[in-house]
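S.K.: structure.cif is the file, holding mmCIF, C-alpha atoms and all ligand atoms:
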data_final
loop_
_atom_site.group_PDB
_atom_site.id
_atom_site.type_symbol
_atom_site.label_atom_id
_atom_site.label_comp_id
_atom_site.auth_asym_id
_atom_site.auth_seq_id
_atom_site.Cartn_x
_atom_site.Cartn_y
_atom_site.Cartn_z
ATOM 1 C CA MET A 170 -3.567 8.113 25.747
ATOM 2 C CA ALA A 171 -1.438 7.104 22.794
ATOM 3 C CA ASP A 172 -2.930 4.745 20.262
ATOM 4 C CA PRO A 173 -1.915 1.345 21.684
ATOM 5 C CA GLN A 174 -1.211 0.083 18.170
ATOM 6 C CA TYR A 175 2.113 1.886 18.449
ATOM 7 C CA LYS A 176 4.771 0.798 20.911
ATOM 8 C CA ARG A 177 7.587 2.600 19.176
ATOM 9 C CA ILE A 178 7.472 5.405 16.636
ATOM 10 C CA LEU A 179 9.893 7.431 14.615
ATOM 11 C CA LEU A 180 9.270 11.176 14.645
ATOM 12 C CA LYS A 181 10.784 13.135 11.778
ATOM 13 C CA LEU A 182 10.934 16.906 12.105
ATOM 14 C CA SER A 183 12.067 19.136 9.257
ATOM 15 C CA GLY A 184 14.888 21.447 10.211
ATOM 16 C CA GLU A 185 12.717 24.447 9.374
ATOM 17 C CA VAL A 186 10.446 23.847 12.355
ATOM 18 C CA LEU A 187 13.411 24.612 14.642
ATOM 19 C CA MET A 188 13.616 28.144 13.246
ATOM 20 C CA GLY A 189 10.409 29.261 14.948
ATOM 21 C CA ASP A 190 9.615 32.627 13.411
ATOM 22 C CA GLN A 191 13.190 33.252 12.303
ATOM 23 C CA GLN A 192 14.320 32.978 8.705
ATOM 24 C CA PHE A 193 17.308 30.789 9.483
ATOM 25 C CA GLY A 194 18.987 28.736 12.182
ATOM 26 C CA ILE A 195 17.808 27.593 15.576
ATOM 27 C CA ASP A 196 15.422 29.373 17.960
ATOM 28 C CA PRO A 197 16.146 27.723 21.341
ATOM 29 C CA ALA A 198 12.793 28.832 22.802
ATOM 30 C CA PHE A 199 10.980 27.152 19.928
ATOM 31 C CA VAL A 200 13.104 24.007 20.209
ATOM 32 C CA LEU A 201 12.071 23.857 23.858
ATOM 33 C CA GLU A 202 8.407 24.001 22.819
ATOM 34 C CA LEU A 203 8.995 21.114 20.407
ATOM 35 C CA ALA A 204 10.787 19.205 23.151
ATOM 36 C CA LYS A 205 7.695 19.619 25.360
ATOM 37 C CA GLU A 206 5.625 17.967 22.628
ATOM 38 C CA VAL A 207 8.075 15.071 22.468
ATOM 39 C CA LYS A 208 8.086 14.754 26.257
ATOM 40 C CA ALA A 209 4.273 14.650 26.386
ATOM 41 C CA ALA A 210 4.241 11.922 23.729
ATOM 42 C CA LYS A 211 6.868 9.952 25.611
ATOM 43 C CA GLU A 212 4.910 10.172 28.836
ATOM 44 C CA THR A 213 2.112 8.168 27.220
ATOM 45 C CA GLY A 214 4.518 5.217 27.296
ATOM 46 C CA LEU A 215 5.800 5.353 23.738
ATOM 47 C CA GLU A 216 9.363 4.634 22.716
ATOM 48 C CA ILE A 217 10.542 7.488 20.511
ATOM 49 C CA CYS A 218 13.211 7.660 17.835
ATOM 50 C CA LEU A 219 13.796 11.158 16.495
ATOM 51 C CA VAL A 220 15.246 12.321 13.190
ATOM 52 C CA ILE A 221 15.686 16.040 12.566
ATOM 53 C CA GLY A 222 16.502 17.583 9.186
ATOM 54 C CA GLY A 223 19.019 20.325 8.548
ATOM 55 C CA GLY A 224 17.214 22.607 6.124
ATOM 56 C CA ASN A 225 17.127 25.470 8.639
ATOM 57 C CA ILE A 226 20.917 25.653 8.359
ATOM 58 C CA PHE A 227 22.120 24.112 5.114
ATOM 59 C CA ARG A 228 20.789 22.009 2.251
ATOM 60 C CA GLY A 229 23.183 20.312 -0.129
ATOM 61 C CA MET A 230 21.032 21.055 -3.176
ATOM 62 C CA ALA A 231 21.117 24.786 -2.417
ATOM 63 C CA GLY A 232 24.909 24.691 -2.120
ATOM 64 C CA ALA A 233 25.185 22.741 -5.381
ATOM 65 C CA ALA A 234 22.914 25.257 -7.122
ATOM 66 C CA GLN A 235 25.433 27.943 -6.170
ATOM 67 C CA GLY A 236 28.298 26.027 -7.730
ATOM 68 C CA MET A 237 29.522 23.872 -4.843
ATOM 69 C CA ASP A 238 30.441 20.258 -5.298
ATOM 70 C CA ARG A 239 27.208 18.381 -4.487
ATOM 71 C CA ALA A 240 28.713 15.687 -2.291
ATOM 72 C CA GLN A 241 30.708 18.253 -0.328
ATOM 73 C CA ALA A 242 27.592 20.379 0.147
ATOM 74 C CA ASP A 243 25.647 17.318 1.297
ATOM 75 C CA TYR A 244 28.256 16.594 3.957
ATOM 76 C CA MET A 245 27.734 20.139 5.198
ATOM 77 C CA GLY A 246 24.003 19.430 5.304
ATOM 78 C CA MET A 247 24.648 16.299 7.360
ATOM 79 C CA LEU A 248 26.696 18.330 9.832
ATOM 80 C CA ALA A 249 23.759 20.742 10.099
ATOM 81 C CA THR A 250 21.529 17.861 11.187
ATOM 82 C CA VAL A 251 24.000 17.039 13.960
ATOM 83 C CA MET A 252 23.772 20.615 15.239
ATOM 84 C CA ASN A 253 19.984 20.358 15.291
ATOM 85 C CA ALA A 254 20.158 17.009 17.068
ATOM 86 C CA LEU A 255 22.385 18.517 19.762
ATOM 87 C CA ALA A 256 20.005 21.470 20.173
ATOM 88 C CA MET A 257 17.075 19.088 20.622
ATOM 89 C CA GLN A 258 19.064 16.896 22.999
ATOM 90 C CA SER A 259 19.815 19.909 25.138
ATOM 91 C CA ALA A 260 16.156 21.002 25.198
ATOM 92 C CA LEU A 261 14.870 17.527 26.046
ATOM 93 C CA GLU A 262 17.378 17.080 28.854
ATOM 94 C CA GLN A 263 16.429 20.493 30.216
ATOM 95 C CA LEU A 264 12.966 18.963 30.621
ATOM 96 C CA GLY A 265 14.344 15.862 32.330
ATOM 97 C CA VAL A 266 14.002 13.545 29.312
ATOM 98 C CA GLN A 267 17.025 11.287 28.923
ATOM 99 C CA THR A 268 18.386 11.158 25.395
ATOM 100 C CA ARG A 269 21.206 9.844 23.268
ATOM 101 C CA VAL A 270 22.329 11.188 19.908
ATOM 102 C CA GLN A 271 23.620 8.642 17.381
ATOM 103 C CA SER A 272 25.209 10.022 14.249
ATOM 104 C CA ALA A 273 25.655 8.233 10.925
ATOM 105 C CA VAL A 274 28.855 10.274 10.504
ATOM 106 C CA GLN A 275 31.131 9.300 13.342
ATOM 107 C CA MET A 276 31.871 12.110 15.781
ATOM 108 C CA ASP A 277 33.151 10.502 18.945
ATOM 109 C CA GLN A 278 33.582 13.657 20.991
ATOM 110 C CA VAL A 279 30.005 14.781 20.506
ATOM 111 C CA CYS A 280 27.782 11.748 20.188
ATOM 112 C CA GLU A 281 27.603 8.002 19.673
ATOM 113 C CA PRO A 282 27.875 6.309 16.295
ATOM 114 C CA VAL A 283 24.732 4.579 15.023
ATOM 115 C CA ILE A 284 24.674 1.129 16.643
ATOM 116 C CA ARG A 285 21.283 -0.495 16.356
ATOM 117 C CA ARG A 286 21.582 -2.782 19.345
ATOM 118 C CA ARG A 287 22.761 0.046 21.525
ATOM 119 C CA ALA A 288 19.867 2.193 20.330
ATOM 120 C CA GLU A 289 17.506 -0.654 21.257
ATOM 121 C CA ARG A 290 18.904 -0.664 24.769
ATOM 122 C CA HIS A 291 18.514 3.117 25.086
ATOM 123 C CA LEU A 292 14.871 2.877 24.058
ATOM 124 C CA GLU A 293 14.252 0.048 26.541
ATOM 125 C CA LYS A 294 15.675 2.278 29.252
ATOM 126 C CA GLY A 295 13.247 5.038 28.320
ATOM 127 C CA ARG A 296 15.682 7.277 26.487
ATOM 128 C CA VAL A 297 14.774 9.157 23.348
ATOM 129 C CA VAL A 298 17.267 8.290 20.601
ATOM 130 C CA ILE A 299 18.012 11.107 18.158
ATOM 131 C CA PHE A 300 19.470 9.818 14.899
ATOM 132 C CA ALA A 301 21.608 12.461 13.201
ATOM 133 C CA ALA A 302 23.355 12.800 9.815
ATOM 134 C CA GLY A 303 20.638 10.978 7.874
ATOM 135 C CA VAL A 304 21.893 7.802 6.243
ATOM 136 C CA GLY A 305 25.465 9.113 6.386
ATOM 137 C CA ALA A 306 25.830 9.425 2.619
ATOM 138 C CA PRO A 307 25.480 12.317 0.181
ATOM 139 C CA TYR A 308 22.645 12.388 -2.382
ATOM 140 C CA PHE A 309 20.199 11.378 0.346
ATOM 141 C CA THR A 310 18.043 13.390 2.711
ATOM 142 C CA THR A 311 16.918 13.011 6.287
ATOM 143 C CA ASP A 312 13.571 11.708 4.987
ATOM 144 C CA SER A 313 15.449 8.663 3.731
ATOM 145 C CA GLY A 314 17.340 8.576 7.024
ATOM 146 C CA ALA A 315 14.010 8.605 8.866
ATOM 147 C CA ALA A 316 12.584 5.783 6.727
ATOM 148 C CA LEU A 317 15.760 3.735 7.176
ATOM 149 C CA ARG A 318 15.823 4.146 10.976
ATOM 150 C CA ALA A 319 12.083 3.483 11.202
ATOM 151 C CA ALA A 320 12.640 0.198 9.370
ATOM 152 C CA GLU A 321 15.725 -0.949 11.224
ATOM 153 C CA MET A 322 14.369 0.078 14.645
ATOM 154 C CA ASP A 323 11.085 -1.673 13.875
ATOM 155 C CA CYS A 324 8.944 1.427 14.455
ATOM 156 C CA GLY A 325 5.171 1.062 14.094
ATOM 157 C CA ALA A 326 4.888 4.286 12.112
ATOM 158 C CA LEU A 327 6.843 7.245 10.828
ATOM 159 C CA PHE A 328 5.335 10.521 12.043
ATOM 160 C CA LYS A 329 6.349 13.410 9.837
ATOM 161 C CA GLY A 330 5.847 16.730 11.596
ATOM 162 C CA THR A 331 5.863 19.658 9.171
ATOM 163 C CA SER A 332 4.249 23.064 8.814
ATOM 164 C CA VAL A 333 1.312 21.619 6.812
ATOM 165 C CA ASP A 334 -1.434 19.511 8.410
ATOM 166 C CA GLY A 335 -1.383 16.643 5.921
ATOM 167 C CA VAL A 336 -1.103 15.674 2.287
ATOM 168 C CA TYR A 337 -3.170 17.650 -0.269
ATOM 169 C CA ASP A 338 -4.016 16.989 -3.899
ATOM 170 C CA SER A 339 -2.463 20.389 -4.739
ATOM 171 C CA ASP A 340 -0.551 23.055 -2.837
ATOM 172 C CA PRO A 341 -2.972 24.429 -0.172
ATOM 173 C CA LYS A 342 -0.969 27.668 0.000
ATOM 174 C CA LYS A 343 -1.637 28.323 -3.689
ATOM 175 C CA ASN A 344 -5.015 26.662 -4.231
ATOM 176 C CA ALA A 345 -7.903 27.442 -1.846
ATOM 177 C CA ASP A 346 -9.780 24.362 -3.124
ATOM 178 C CA ALA A 347 -6.947 21.953 -2.371
ATOM 179 C CA LYS A 348 -8.291 18.771 -0.767
ATOM 180 C CA ARG A 349 -6.574 16.993 2.106
ATOM 181 C CA TYR A 350 -6.457 13.218 2.040
ATOM 182 C CA GLU A 351 -7.383 11.243 5.191
ATOM 183 C CA THR A 352 -5.510 8.266 3.811
ATOM 184 C CA VAL A 353 -3.586 7.912 0.576
ATOM 185 C CA SER A 354 -1.584 5.036 -0.861
ATOM 186 C CA TYR A 355 2.182 5.068 -1.314
ATOM 187 C CA GLY A 356 1.537 4.340 -5.001
ATOM 188 C CA LYS A 357 -0.571 7.498 -5.451
ATOM 189 C CA VAL A 358 1.965 9.617 -3.569
ATOM 190 C CA LEU A 359 4.673 8.387 -5.928
ATOM 191 C CA ALA A 360 2.627 8.451 -9.142
ATOM 192 C CA ASP A 361 1.212 11.966 -8.521
ATOM 193 C CA ASP A 362 4.467 13.219 -7.002
ATOM 194 C CA LEU A 363 2.600 14.459 -3.913
ATOM 195 C CA LYS A 364 4.941 16.350 -1.642
ATOM 196 C CA VAL A 365 5.225 14.045 1.357
ATOM 197 C CA MET A 366 8.802 12.856 1.472
ATOM 198 C CA ASP A 367 11.428 11.941 -1.118
ATOM 199 C CA ALA A 368 10.456 9.111 -3.430
ATOM 200 C CA SER A 369 13.216 6.890 -2.020
ATOM 201 C CA ALA A 370 11.908 7.399 1.528
ATOM 202 C CA VAL A 371 8.307 6.712 0.492
ATOM 203 C CA ALA A 372 9.391 3.565 -1.373
ATOM 204 C CA LEU A 373 11.328 2.289 1.648
ATOM 205 C CA CYS A 374 8.260 2.785 3.851
ATOM 206 C CA ARG A 375 6.044 1.083 1.266
ATOM 207 C CA ASP A 376 8.354 -1.912 0.958
ATOM 208 C CA ASN A 377 8.445 -2.327 4.727
ATOM 209 C CA ASP A 378 4.774 -1.491 5.307
ATOM 210 C CA ILE A 379 5.520 1.467 7.573
ATOM 211 C CA PRO A 380 2.636 3.969 7.643
ATOM 212 C CA ILE A 381 3.646 7.623 7.250
ATOM 213 C CA VAL A 382 1.551 9.985 9.355
ATOM 214 C CA VAL A 383 1.850 13.567 8.073
ATOM 215 C CA PHE A 384 0.721 16.276 10.505
ATOM 216 C CA SER A 385 1.447 19.843 11.588
ATOM 217 C CA ILE A 386 3.897 20.162 14.450
ATOM 218 C CA ARG A 387 3.329 23.907 14.636
ATOM 219 C CA GLU A 388 0.105 23.656 16.646
ATOM 220 C CA LYS A 389 0.560 23.111 20.341
ATOM 221 C CA GLY A 390 -0.456 19.672 21.613
ATOM 222 C CA ASN A 391 -0.943 18.351 18.093
ATOM 223 C CA LEU A 392 1.544 15.484 18.311
ATOM 224 C CA ALA A 393 -0.335 14.040 21.302
ATOM 225 C CA ARG A 394 -3.670 14.521 19.494
ATOM 226 C CA VAL A 395 -2.406 12.823 16.369
ATOM 227 C CA LEU A 396 -0.960 9.969 18.411
ATOM 228 C CA SER A 397 -4.349 9.413 20.014
ATOM 229 C CA GLY A 398 -5.894 9.295 16.534
ATOM 230 C CA GLU A 399 -7.803 12.567 17.051
ATOM 231 C CA GLY A 400 -5.716 15.209 15.330
ATOM 232 C CA VAL A 401 -5.777 16.373 11.728
ATOM 233 C CA GLN A 402 -3.432 14.223 9.710
ATOM 234 C CA THR A 403 -2.966 12.200 6.534
ATOM 235 C CA ILE A 404 -1.895 8.577 6.731
ATOM 236 C CA VAL A 405 0.089 7.181 3.809
ATOM 237 C CA THR A 406 -0.410 3.421 3.756
ATOM 238 C CA ASN A 407 -1.151 0.447 1.510
ATOM 239 C CA HIS A 408 -4.435 -0.024 3.334
ATOM 240 C CA THR A 409 -6.621 2.799 2.006
ATOM 241 C CA GLU A 410 -10.404 2.531 1.911
HETATM 242 N N1 LIG B 501 21.950 14.995 3.847
HETATM 243 C C1 LIG B 501 22.659 14.051 3.116
HETATM 244 N N2 LIG B 501 22.468 12.723 3.395
HETATM 245 C C2 LIG B 501 21.593 12.286 4.332
HETATM 246 C C3 LIG B 501 20.845 13.259 5.057
HETATM 247 C C4 LIG B 501 21.049 14.596 4.799
HETATM 248 O O1 LIG B 501 23.456 14.389 2.262
HETATM 249 O O2 LIG B 501 21.459 11.076 4.520
HETATM 250 C C5 LIG B 501 22.201 16.441 3.614
HETATM 251 C C6 LIG B 501 21.536 16.986 2.362
HETATM 252 O O3 LIG B 501 22.389 17.942 1.797
HETATM 253 C C7 LIG B 501 20.302 17.674 2.906
HETATM 254 C C8 LIG B 501 20.803 18.223 4.219
HETATM 255 O O4 LIG B 501 21.681 17.209 4.697
HETATM 256 O O5 LIG B 501 19.844 18.699 2.070
HETATM 257 C C9 LIG B 501 19.756 18.539 5.249
HETATM 258 O O6 LIG B 501 18.798 17.516 5.344
HETATM 259 P P1 LIG B 501 17.283 17.661 4.785
HETATM 260 O O7 LIG B 501 17.297 18.448 3.515
HETATM 261 O O8 LIG B 501 16.721 16.298 4.744
HETATM 262 O O9 LIG B 501 16.608 18.517 5.946
HETATM 263 P P2 LIG B 501 15.092 18.964 6.134
HETATM 264 O O10 LIG B 501 14.551 19.356 4.787
HETATM 265 O O11 LIG B 501 14.331 17.805 6.708
HETATM 266 O O12 LIG B 501 15.179 20.091 7.104
#
In C-alpha cells, what does this structure look like?
Ligand code: UDP

M.R.:
Amino acid sequence: MADPQYKRILLKLSGEVLMGDQQFGIDPAFVLELAKEVKAAKETGLEICLVIGGGNIFRGMAGAAQGMDRAQADYMGMLATVMNALAMQSALEQLGVQTRVQSAVQMDQVCEPVIRRRAERHLEKGRVVIFAAGVGAPYFTTDSGAALRAAEMDCGALFKGTSVDGVYDSDPKKNADAKRYETVSYGKVLADDLKVMDASAVALCRDNDIPIVVFSIREKGNLARVLSGEGVQTIVTNHTE
C-alpha cells in the first residue's frame, strides 16, 4: 500500500535512466520496465505527475561547452525531454495506463500545452500526466520543471528517481566511507552543495514545503517500496530530527 500521506506525487526521472545499459538515447525495453514501476505505483491509488529529463539525448550545457549558443542548445534539450515523454507515454499506454503529455513548449500536433486545470481533470480521471519541456525556458533544467509542477499541481512530495539510492555526504562512487542521509534539510543540501537537484529546484521545494524523496529507480519494485516508506531513500525536508 502507498503511504496514505500522499494523494498525489510528482515523479522525476533523469533522462539517463531511459538509456538502460546503452550509452545514449532510449532503450524501449527499459522504458517499459520503468512504465511497469509507474503502473504499480498508480494501482495503489496515487495520482501521478511525471517529469522526465533529457540528458540521455541532449543537455544544453554540453552543447554550450562545444561552442553552441546556450539558449539554442537548451531549446534542443527541451525537445529531447519531449521525445522521452512520448516514449514513456507509449510504454505506459502499452500497459493500459491512460496518459496525457503536456509540454511547456507548445507542440499542438504531438501533445497538449501545459494547462493546469486540464491537468487536474486528467489526474481526477486516473490519467498519468507527463509534463515535458521543463519550465519552457532556457537556463533551467527539468529539476526546476519538476519542482514547479509539483508546486502548482499541489503534489505531496517530489520523488526523484536516479541511479543512486539517496543523498550522501560525499560521492559514494569515489568514497567507500560516504554516508547516506535518512533525512537532510534543504538548507544543508544548499549550503554543502549536495548533489540532489539544482539549487533553484531545491529552493522552490523548500519555499513550498515539498519534501524531495531521492531513491534509486534502477532496482525493480523500488518505487513501490519507497512509496510504502520501506525502501532505501533520503528525504530532503525542513523537518529533520
Ligand atoms: N532544459 C531547459 N529548460 C528547462 C528544462 C530543460 O533549457 O526548463 C534543457 C537543458 O538544456 C537541459 C536539457 O533540457 O540540459 C535536458 O534536461 P535535464 O538536463 O534537466 O535532463 P536530466 O539531467 O534530468 O536527464

S.K.: Suppose you want the space between CA of Leu179 in chain A and CA of Leu219 in chain A; what is it in Å?

M.R.: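 These atoms are spaced 5.7 Å apart.
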
S.K.: I'd like the interatomic distance between CA of Ile217 in chain A and CA of Met245 in chain A, to a tenth of an Å.

M.R.: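 Result for CA of Ile217 in chain A versus CA of Met245 in chain A: 26.3 Å, one decimal.
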
S.K.: From the list A:Ser332, A:Val220, A:Ala302, A:Gln263, which residue is nearest Leu248 in chain A when using only C-alpha atoms?

M.R.: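 The shortest atom-to-atom distance to Leu248 in chain A comes from A:Ala302.
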
S.K.: Can you turn the PyMOL selection byres (((chain A and resi 357) around 12) and not hetatm) into a concrete residue list for this file, as a list in words?

M.R.: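 In the shown coordinates, the PyMOL selection byres (((chain A and resi 357) around 12) and not hetatm) covers Val336, Tyr337, Asp338, Tyr350, Thr352, Val353, Ser354, Tyr355, Gly356, Val358, Leu359, Ala360, Asp361, Asp362, Leu363, Lys364, Val365, Ala368, Val371, Ala372, Arg375, Val405, Thr406, Asn407 and Thr409 of chain A.
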
S.K.: What would the selection look like, as a list in words, if the PyMOL selection byres (((chain A and resi 314) around 9) and not hetatm) were run on the coordinates I just shared?

M.R.: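 Applying the PyMOL selection byres (((chain A and resi 314) around 9) and not hetatm) to the structure shown produces Val220, Phe300, Ala301, Ala302, Gly303, Val304, Gly305, Phe309, Thr310, Thr311, Asp312, Ser313, Ala315, Ala316, Leu317, Arg318, Ala319 and Ala370 of chain A.
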
S.K.: Given the choices A:Asn377, A:Gly335, A:Val382, A:Met237, which gets closest to Ala347 in chain A if the distance is worked out from only C-alpha atoms?

M.R.: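 So, comparing all the options, the nearest one is A:Gly335.
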
S.K.: Please give the centre and size of the box around ligand LIG 501 (chain B) (axis-aligned, containing every atom listed in the file, 3 Å added per side), with values in Å to one decimal and written as lines of an AutoDock Vina configuration file.

M.R.:
center_x = 18.9
center_y = 15.6
center_z = 4.5
size_x = 15.1
size_y = 15.0
size_z = 11.3

S.K.: May I have the residues within 10 Å of ligand LIG 501 (chain B), computed using all atoms listed in the file, as a VMD selection string?

M.R.: chain A and resid 181 to 187 220 to 233 239 to 251 253 273 to 274 301 to 315 317 329 to 331 366 to 367

S.K.: Which residues match the PyMOL selection byres (((chain A and resi 279) around 12) and not hetatm) in the file above, as a ChimeraX atom specification?

M.R.: /A:248,251-252,254-255,258,269-272,274-278,280-282,301

S.K.: I'd like the interatomic distance between CA of Gln267 in chain A and CA of Ser397 in chain A, to a tenth of an Å.

M.R.: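 It comes out at 23.2 Å.
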
S.K.: Name the closest residue to Glu321 in chain A among the candidates A:Lys342, A:Arg296, A:Arg177, A:Lys205; distances are taken between atoms, counting all atoms listed in the file.

M.R.: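 For Glu321 in chain A, the nearest of the given residues is A:Arg177.
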
S.K.: For each of A:Met257, A:Ala320, A:Leu264, A:Leu203, take the minimum atom-to-atom distance to Glu388 in chain A, counting only C-alpha atoms, then give the residue where this is smallest.

M.R.: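 Closest to Glu388 in chain A of all the choices is A:Leu203.
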
S.K.: Would you please work out which residue, of A:Glu399, A:Glu216, A:Asn344, A:Phe384, is nearest to Phe328 in chain A when using all atoms listed in the file?

M.R.: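 Result for the nearest residue to Phe328 in chain A: A:Phe384.
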
S.K.: Check the smallest atom-to-atom distance from each of A:Glu293, A:Asp190, A:Lys208, A:Leu215 to Gly265 in chain A using only C-alpha atoms, then report the winner.

M.R.: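 Among the listed residues, A:Lys208 lies closest to Gly265 in chain A.
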
S.K.: Show which residues sit within 7 Å of Gly325 in chain A, as a ChimeraX atom specification. Count only C-alpha atoms, and ignore same-chain residues fewer than 3 positions away.

M.R.: /A:175-178,379

S.K.: Since fewer atoms than expected are present, regenerate all heavy atoms for range 399-407 of chain A and write them as an mmCIF file, keeping the file's coordinate frame.

M.R.:
data_model
loop_
_atom_site.group_PDB
_atom_site.id
_atom_site.type_symbol
_atom_site.label_atom_id
_atom_site.label_comp_id
_atom_site.auth_asym_id
_atom_site.auth_seq_id
_atom_site.Cartn_x
_atom_site.Cartn_y
_atom_site.Cartn_z
ATOM 1 N N GLU A 399 -6.789 11.513 17.108
ATOM 2 C CA GLU A 399 -7.803 12.567 17.051
ATOM 3 C C GLU A 399 -7.426 13.753 16.171
ATOM 4 O O GLU A 399 -8.289 14.459 15.689
ATOM 5 C CB GLU A 399 -8.076 13.111 18.463
ATOM 6 C CG GLU A 399 -8.868 12.155 19.313
ATOM 7 C CD GLU A 399 -8.820 12.552 20.781
ATOM 8 O OE1 GLU A 399 -8.514 13.712 21.073
ATOM 9 O OE2 GLU A 399 -9.073 11.668 21.610
ATOM 10 N N GLY A 400 -6.148 13.986 16.019
ATOM 11 C CA GLY A 400 -5.716 15.209 15.330
ATOM 12 C C GLY A 400 -5.942 15.151 13.835
ATOM 13 O O GLY A 400 -6.348 14.129 13.276
ATOM 14 N N VAL A 401 -5.692 16.294 13.189
ATOM 15 C CA VAL A 401 -5.777 16.373 11.728
ATOM 16 C C VAL A 401 -4.476 15.822 11.151
ATOM 17 O O VAL A 401 -3.386 16.210 11.572
ATOM 18 C CB VAL A 401 -5.977 17.837 11.284
ATOM 19 C CG1 VAL A 401 -6.018 17.935 9.766
ATOM 20 C CG2 VAL A 401 -7.258 18.385 11.892
ATOM 21 N N GLN A 402 -4.608 14.908 10.225
ATOM 22 C CA GLN A 402 -3.432 14.223 9.710
ATOM 23 C C GLN A 402 -3.769 13.561 8.375
ATOM 24 O O GLN A 402 -4.928 13.466 8.010
ATOM 25 C CB GLN A 402 -3.016 13.114 10.695
ATOM 26 C CG GLN A 402 -4.128 12.095 10.839
ATOM 27 C CD GLN A 402 -3.964 11.116 11.989
ATOM 28 O OE1 GLN A 402 -3.193 11.322 12.896
ATOM 29 N NE2 GLN A 402 -4.714 10.037 11.935
ATOM 30 N N THR A 403 -2.763 13.101 7.674
ATOM 31 C CA THR A 403 -2.966 12.200 6.534
ATOM 32 C C THR A 403 -2.104 10.974 6.784
ATOM 33 O O THR A 403 -0.936 11.105 7.183
ATOM 34 C CB THR A 403 -2.525 12.853 5.209
ATOM 35 O OG1 THR A 403 -3.362 13.985 4.939
ATOM 36 C CG2 THR A 403 -2.640 11.869 4.047
ATOM 37 N N ILE A 404 -2.686 9.800 6.578
ATOM 38 C CA ILE A 404 -1.895 8.577 6.731
ATOM 39 C C ILE A 404 -1.601 7.995 5.349
ATOM 40 O O ILE A 404 -2.521 7.737 4.571
ATOM 41 C CB ILE A 404 -2.620 7.533 7.606
ATOM 42 C CG1 ILE A 404 -2.979 8.154 8.966
ATOM 43 C CG2 ILE A 404 -1.746 6.291 7.786
ATOM 44 C CD1 ILE A 404 -3.668 7.205 9.918
ATOM 45 N N VAL A 405 -0.321 7.823 5.062
ATOM 46 C CA VAL A 405 0.089 7.181 3.809
ATOM 47 C C VAL A 405 0.304 5.700 4.122
ATOM 48 O O VAL A 405 1.096 5.359 5.019
ATOM 49 C CB VAL A 405 1.388 7.796 3.264
ATOM 50 C CG1 VAL A 405 1.717 7.203 1.898
ATOM 51 C CG2 VAL A 405 1.275 9.311 3.167
ATOM 52 N N THR A 406 -0.420 4.852 3.430
ATOM 53 C CA THR A 406 -0.410 3.421 3.756
ATOM 54 C C THR A 406 -0.801 2.613 2.521
ATOM 55 O O THR A 406 -1.281 3.174 1.529
ATOM 56 C CB THR A 406 -1.413 3.153 4.923
ATOM 57 O OG1 THR A 406 -1.712 1.781 5.004
ATOM 58 C CG2 THR A 406 -2.726 3.890 4.741
ATOM 59 N N ASN A 407 -0.652 1.304 2.597
ATOM 60 C CA ASN A 407 -1.151 0.447 1.510
ATOM 61 C C ASN A 407 -2.611 0.110 1.726
ATOM 62 O O ASN A 407 -3.265 -0.434 0.861
ATOM 63 C CB ASN A 407 -0.356 -0.864 1.473
ATOM 64 C CG ASN A 407 0.963 -0.681 0.749
ATOM 65 O OD1 ASN A 407 1.039 0.036 -0.234
ATOM 66 N ND2 ASN A 407 2.014 -1.300 1.258
#
